[in-house]
Structure formats: structure tokens, C-alpha cells
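A.B. asks: Dropping in input_8.cif, with mmCIF, C-alpha atoms.
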```cif
data_target
#
loop_
_atom_site.label_atom_id
_atom_site.label_comp_id
_atom_site.auth_asym_id
_atom_site.auth_seq_id
_atom_site.Cartn_x
_atom_site.Cartn_y
_atom_site.Cartn_z
CA MET Q 1 61.41 115.14 198.15
CA GLU Q 2 64.63 113.50 197.32
CA VAL Q 3 62.83 110.58 195.81
CA ASN Q 4 61.02 112.86 193.47
CA PHE Q 5 64.24 114.60 192.58
CA LEU Q 6 65.87 111.24 191.76
CA ASP Q 7 62.81 110.16 189.78
CA GLU Q 8 62.94 113.41 187.86
CA LEU Q 9 66.62 112.92 187.11
CA LEU Q 10 65.97 109.36 185.97
CA LEU Q 11 63.07 110.48 183.75
CA GLU Q 12 65.18 113.27 182.32
CA ALA Q 13 68.03 110.84 181.61
CA GLU Q 14 65.62 108.40 179.91
CA VAL Q 15 64.19 111.20 177.70
CA LYS Q 16 67.71 112.31 176.70
CA GLU Q 17 68.67 108.69 175.96
CA GLU Q 18 65.50 108.26 173.89
CA GLU Q 19 66.24 111.48 172.00
CA GLN Q 20 69.78 110.31 171.33
CA THR Q 21 68.49 106.90 170.23
CA GLU Q 22 66.00 108.54 167.84
CA ALA Q 23 68.74 110.81 166.52
CA TYR Q 24 70.97 107.76 165.99
CA PHE Q 25 68.28 105.87 164.07
CA ASP Q 26 67.46 109.01 162.10
CA LEU Q 27 71.14 109.11 161.12
CA LEU Q 28 70.86 105.48 159.96
CA LEU Q 29 67.91 106.46 157.78
CA LEU Q 30 69.94 109.33 156.35
CA GLN Q 31 72.81 106.95 155.56
CA ILE Q 32 70.44 104.53 153.80
CA LYS Q 33 69.04 107.44 151.76
CA GLN Q 34 72.56 108.53 150.73
CA LEU Q 35 73.62 104.97 149.86
CA THR Q 36 70.47 104.48 147.77
CA LYS Q 37 71.23 107.69 145.87
CA GLN Q 38 74.81 106.46 145.31
CA ILE Q 39 73.49 103.15 143.90
CA GLU Q 40 71.15 105.02 141.55
CA TYR Q 41 74.00 107.28 140.46
CA ASN Q 42 76.27 104.27 139.86
CA PHE Q 43 73.64 102.61 137.65
CA SER Q 44 73.06 105.85 135.78
CA GLN Q 45 76.80 106.31 135.20
CA SER Q 46 77.27 102.71 134.08
CA GLU Q 47 74.42 103.07 131.57
CA LYS Q 48 76.01 106.24 130.19
CA GLU Q 49 79.41 104.58 129.96
CA CYS Q 50 77.95 101.45 128.32
CA SER Q 51 76.15 103.68 125.84
CA MET Q 52 79.38 105.51 125.04
CA ILE Q 53 81.27 102.23 124.61
CA ASN Q 54 78.49 100.79 122.41
CA SER Q 55 78.48 103.93 120.25
CA PHE Q 56 82.24 103.72 119.88
CA VAL Q 57 82.11 100.00 118.99
CA LEU Q 58 79.27 100.54 116.50
CA HIS Q 59 81.21 103.39 114.86
CA LYS Q 60 84.40 101.33 114.73
CA ASN Q 61 82.57 98.27 113.34
CA ALA Q 62 80.81 100.40 110.73
CA GLN Q 63 84.24 101.53 109.51
CA LEU Q 64 85.41 97.91 109.41
CA GLN Q 65 82.26 96.88 107.51
CA GLU Q 66 82.95 99.61 104.95
CA LYS Q 67 86.48 98.29 104.52
CA ILE Q 68 85.12 94.73 104.11
CA ARG Q 69 82.66 95.97 101.43
CA TRP Q 70 85.51 97.71 99.60
CA LEU Q 71 87.65 94.55 99.72
CA GLU Q 72 84.70 92.44 98.54
CA MET Q 73 84.22 94.77 95.56
CA LYS Q 74 87.89 94.28 94.66
CA LEU Q 75 87.50 90.48 94.92
CA GLU Q 76 84.35 90.56 92.78
CA ALA Q 77 86.06 92.71 90.15
CA PHE Q 78 88.99 90.25 90.12
CA ILE Q 79 86.81 87.17 89.51
CA LYS Q 80 84.80 89.00 86.83
CA GLU Q 81 88.02 90.07 85.10
CA LYS Q 82 89.26 86.46 85.12
CA LYS Q 83 85.87 85.33 83.73
CA GLU Q 84 85.93 82.21 85.91
CA LYS Q 85 83.16 80.80 88.06
CA THR Q 86 85.40 79.64 90.93
CA ILE Q 87 88.90 80.63 91.98
CA ALA Q 88 90.59 78.73 94.81
CA LEU Q 89 93.10 80.80 96.75
CA PRO Q 90 95.23 79.86 99.77
CA ASN Q 91 93.02 81.86 102.16
CA GLY Q 92 89.63 81.08 100.65
CA THR Q 93 87.53 80.51 97.54
CA LEU Q 94 85.89 83.08 95.28
CA LYS Q 95 82.68 82.07 93.50
CA MET Q 96 80.46 83.71 90.91
CA HIS Q 97 77.16 81.97 90.27
CA LYS Q 98 73.74 82.89 88.93
CA LYS Q 99 70.90 82.60 91.37
CA PRO Q 100 67.84 80.74 90.04
CA ASP Q 101 64.90 82.73 88.72
CA ARG Q 102 62.12 83.37 91.21
CA VAL Q 103 58.41 83.30 90.55
CA GLU Q 104 56.01 85.66 92.29
CA ILE Q 105 52.22 85.52 92.13
CA GLU Q 106 51.06 89.08 91.53
CA ASP Q 107 47.33 88.36 91.14
CA LEU Q 108 46.29 85.04 92.69
CA GLU Q 109 42.69 85.15 91.45
CA LEU Q 110 43.72 85.85 87.85
CA PHE Q 111 46.37 83.16 88.00
CA LEU Q 112 43.99 80.54 89.41
CA LYS Q 113 41.44 81.25 86.63
CA LYS Q 114 44.02 80.59 83.90
CA ALA Q 115 46.32 78.10 85.70
CA LYS Q 116 47.03 74.69 84.21
CA PRO Q 117 46.62 71.69 86.53
CA GLU Q 118 50.36 70.95 86.32
CA MET Q 119 51.03 74.34 87.97
CA LEU Q 120 48.92 73.59 91.07
CA THR Q 121 49.10 71.43 94.12
CA ILE Q 122 45.63 70.51 95.24
CA ILE Q 123 45.11 69.92 98.90
CA PRO Q 124 41.56 68.85 99.70
CA GLU Q 125 39.50 72.01 100.04
CA GLN Q 126 42.57 74.14 99.36
CA VAL Q 127 44.14 75.12 96.05
CA LYS Q 128 47.47 76.90 96.06
CA PRO Q 129 50.18 77.53 93.46
CA ASP Q 130 53.16 75.18 93.34
CA MET Q 131 56.11 77.49 92.66
CA ASN Q 132 58.42 74.69 91.49
CA LYS Q 133 55.83 73.39 89.02
CA ILE Q 134 55.22 76.93 87.76
CA LYS Q 135 58.98 77.44 87.24
CA THR Q 136 59.18 74.16 85.28
CA TYR Q 137 56.12 75.09 83.20
CA ILE Q 138 57.37 78.56 82.20
CA LYS Q 139 60.73 77.20 81.02
CA THR Q 140 59.02 75.74 77.95
CA LYS Q 141 55.76 77.65 77.69
CA PRO Q 142 54.59 81.28 77.92
CA VAL Q 143 54.20 82.90 81.32
CA PRO Q 144 50.56 82.62 82.42
CA PRO Q 145 48.64 85.75 83.42
CA GLY Q 146 49.04 86.78 87.05
CA ILE Q 147 52.65 85.57 87.23
CA LYS Q 148 55.72 87.76 87.41
CA VAL Q 149 59.13 86.22 86.69
CA ILE Q 150 61.98 87.76 88.65
CA GLU Q 151 65.19 86.88 86.85
CA GLY Q 152 67.96 85.45 89.01
CA LYS Q 153 70.99 87.69 89.30
CA GLU Q 154 74.63 86.78 89.31
CA GLU Q 155 75.88 86.65 92.84
CA PHE Q 156 79.37 86.90 94.25
CA SER Q 157 80.37 84.92 97.33
CA TYR Q 158 83.55 83.81 99.02
CA LYS Q 159 84.75 81.39 101.69
CA LEU Q 160 87.57 82.00 104.12
CA ARG Q 161 89.81 79.20 105.27
CA GLU Q 162 90.08 78.83 109.03
CA GLU Q 163 93.37 78.10 110.81
CA SER Q 164 92.24 74.57 111.74
CA GLU Q 165 91.00 73.84 108.20
CA GLU Q 166 94.36 72.68 107.05
CA GLU Q 167 93.95 69.70 109.37
CA ASN Q 168 90.45 68.64 108.30
CA GLY Q 169 90.18 70.34 104.88
CA ARG Q 170 86.85 72.07 105.59
CA THR Q 171 86.04 75.71 104.92
CA LYS Q 172 83.73 78.13 106.67
CA GLU Q 173 81.13 79.83 104.48
CA THR Q 174 81.75 83.51 105.05
CA GLY Q 175 78.83 84.62 103.02
CA VAL Q 176 77.56 86.75 100.30
CA ARG Q 177 78.49 90.38 100.72
CA ALA Q 178 78.93 91.98 104.11
CA GLU Q 179 75.71 94.03 103.92
CA GLN Q 180 73.74 90.80 104.31
CA ASP Q 181 75.44 90.12 107.62
CA SER Q 182 73.97 93.02 109.57
CA GLU Q 183 74.38 91.02 112.80
CA LEU Q 184 78.03 92.02 112.79
CA ARG Q 185 76.95 95.61 113.38
CA ALA Q 186 74.61 94.83 116.27
CA VAL Q 187 77.27 94.55 118.92
CA VAL Q 188 75.35 94.78 122.17
#
```
Would you give me this structure, written as C-alpha cells?
C.D. replies:
Amino acid sequence: MEVNFLDELLLEAEVKEEEQTEAYFDLLLLQIKQLTKQIEYNFSQSEKECSMINSFVLHKNAQLQEKIRWLEMKLEAFIKEKKEKTIALPNGTLKMHKKPDRVEIEDLELFLKKAKPEMLTIIPEQVKPDMNKIKTYIKTKPVPPGIKVIEGKEEFSYKLREESEEENGRTKETGVRAEQDSELRAVV
């Protein structure tokens, strides 16, 4: 009988050990679950914080862009008041120039019916308008039907001198008006 009693004790001890082992591994699973939730929370928080930072930067840069536009308007008014095409200043160059006229085909079929050969470029089995030839043609002759002339507008631009320019004498083209440089606003 003692053997059975010992066997029972051993079996009971093994069952308790197995239960404790299962409880231990269940605890490991619980820890993994909690850590996974913490990772998800961290990513969620970082996205919210990045969004807040991006919104702040976009707002701040929009204010700076508005200030740049205001300063550009002052520069444009100055060069117009001086009635000069180019003004060189220590920190950059102001320019006022007229953009060339543009030609736009409004009705291709109508234009091709009335077009002169000097206004076309003929590619075998393909006929298409040659915008440069059309521009040259309409400088001395009436505008053919199907063509719309879009008059070039005066455009203001400026160049800023970089710190290192004084060494090599080159300038960096800053551009024409800040609203054309919308990439400055797209921060992230």
C-alpha cells in the first residue's frame, strides 16, 4: 500500500507542477498581450503627436508664406515705381519682364482646315500644329480661325544672394512669387 501512496503523491506533485507550469506560461501569454497593446498605443500616440507637430509647422509656414508674399508685393511695387527692368541690390536682384505670348489651339479641326503650311509640322501620317511657327505667323498676319492668343503678362521675379556667392559670384534663382513654390508648405 505504501507504494501506491508514494505513487499517488508523485502523481499529485506532477499535476501540481504541470498546473504551475501552465499558469506560468499563461502569464507569459498575458505579458505578450500587454506588451503588444503598449506597442500599439505607442504607435498611436506617435501618430497623434506627429500630426500635431505637422499641423503646427504647416500653420507656422503658412504665416511665413504670407509674410513672404507681402514682402514680394513691396519689392514689386518698388521696381514698378522705379520703372526699371532690373535692379541689383546687395542681397539679390529684382527683375520685371514680360512673358512671351502663348498660343492655344481652341478648335483643332477648324484650325487644320484653314492652316497655312508654314504653321504646321508634318510628320508622315501625322499632322500637328507647330506652336512656334504659329507664333511667328501671327506676328505679321491675322490670327487664323481656331487659334486663341493669350497675351504674355509682365512678371516679377527676384534672386537672393547666398552667403557663398561672394566667393564665386553666382546667385540662386529664388523664383517668381511665393505662391508658385507650394512645396515650401508641404512639410512632411
A.B. asks: Please provide the set of residues having any atom within 9 Å of Lys114 of chain Q, restricted to all atoms listed in the file, with same-chain residues fewer than 6 positions apart removed, written as a VMD selection string.
C.D. replies: chain Q and resid 144 to 146
A.B. asks: Which residues are close to Ile105 of chain Q, i.e. within 8 Å by all atoms listed in the file, leaving aside same-chain residues fewer than 3 positions away? Reply as a ChimeraX atom specification.
C.D. replies: /Q:108,111,146-148
A.B. asks: Those same residues, written as a tab-separated table (two decimals), in the coordinates of the input with C-alpha atoms?
C.D. replies:
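Output below, filename part.tsv:
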```
chain	number	residue	atom	x	y	z
Q	108	LEU	CA	46.29	85.04	92.69
Q	111	PHE	CA	46.37	83.16	88.00
Q	146	GLY	CA	49.04	86.78	87.05
Q	147	ILE	CA	52.65	85.57	87.23
Q	148	LYS	CA	55.72	87.76	87.41
```
A.B. asks: Suppose you want the space between atom CA of Arg102 of chain Q and atom CA of Thr136 of chain Q; what is it in Å?
C.D. replies: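 Interatomic distance here is 11.3 Å.
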A.B. asks: Would you list the contacts of Val149 of chain Q as a ChimeraX atom specification, taking every protein, DNA or RNA residue within 9 Å and counting only C-alpha atoms, but skipping same-chain residues closer than 6 positions in sequence?
C.D. replies: /Q:101-105,135,143
A.B. asks: Please give the centre and size of the box around segment 91-100 of chain Q (axis-aligned, containing every atom listed in the file, 3 Å added per side), with values in Å to one decimal and written as JSON.
C.D. replies:
```
{"center_x": 80.4, "center_y": 82.1, "center_z": 95.5, "size_x": 31.2, "size_y": 9.2, "size_z": 19.2}
```
A.B. asks: Could you check which of Q:Glu8, Q:Phe156, Q:Phe43, Q:Thr21 is closest to Phe78 of chain Q, using all atoms listed in the file?
C.D. replies: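 Ranking Q:Glu8, Q:Phe156, Q:Phe43, Q:Thr21 by distance to Phe78 of chain Q, first place goes to Q:Phe156.
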A.B. asks: Take atom CA of Phe25 of chain Q and atom CA of Lys37 of chain Q and report the distance between them in Å, one decimal.
C.D. replies: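 Taking atom CA of Phe25 of chain Q and atom CA of Lys37 of chain Q, their separation equals 18.5 Å.
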A.B. asks: What does the distance between atom CA of Glu66 of chain Q and atom CA of Tyr158 of chain Q come to in Å, to one decimal place?
C.D. replies: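 Here the two named atoms are 16.9 Å from each other.
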A.B. asks: Can you tell me, as a list in words, what residues are no more than 10 Å from segment 80-89 of chain Q when counting all atoms listed in the file, ignoring any on the same chain fewer than 2 positions away?
C.D. replies: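 Counting only the stated atoms, we get Lys74, Leu75, Glu76, Ala77, Phe78, Asn91, Gly92, Thr93, Leu94, Lys95, Met96, His97, Lys98, Phe156, Ser157, Tyr158, Lys159, Leu160 and Arg161 of chain Q.
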A.B. asks: Would you kindly identify which residues have an atom no farther than 7 Å from (53.6, 76.4, 88.6), using only C-alpha atoms and the file's own coordinates, and write them out as a PyMOL selection string?
C.D. replies: chain Q and resi 118-120+129-137
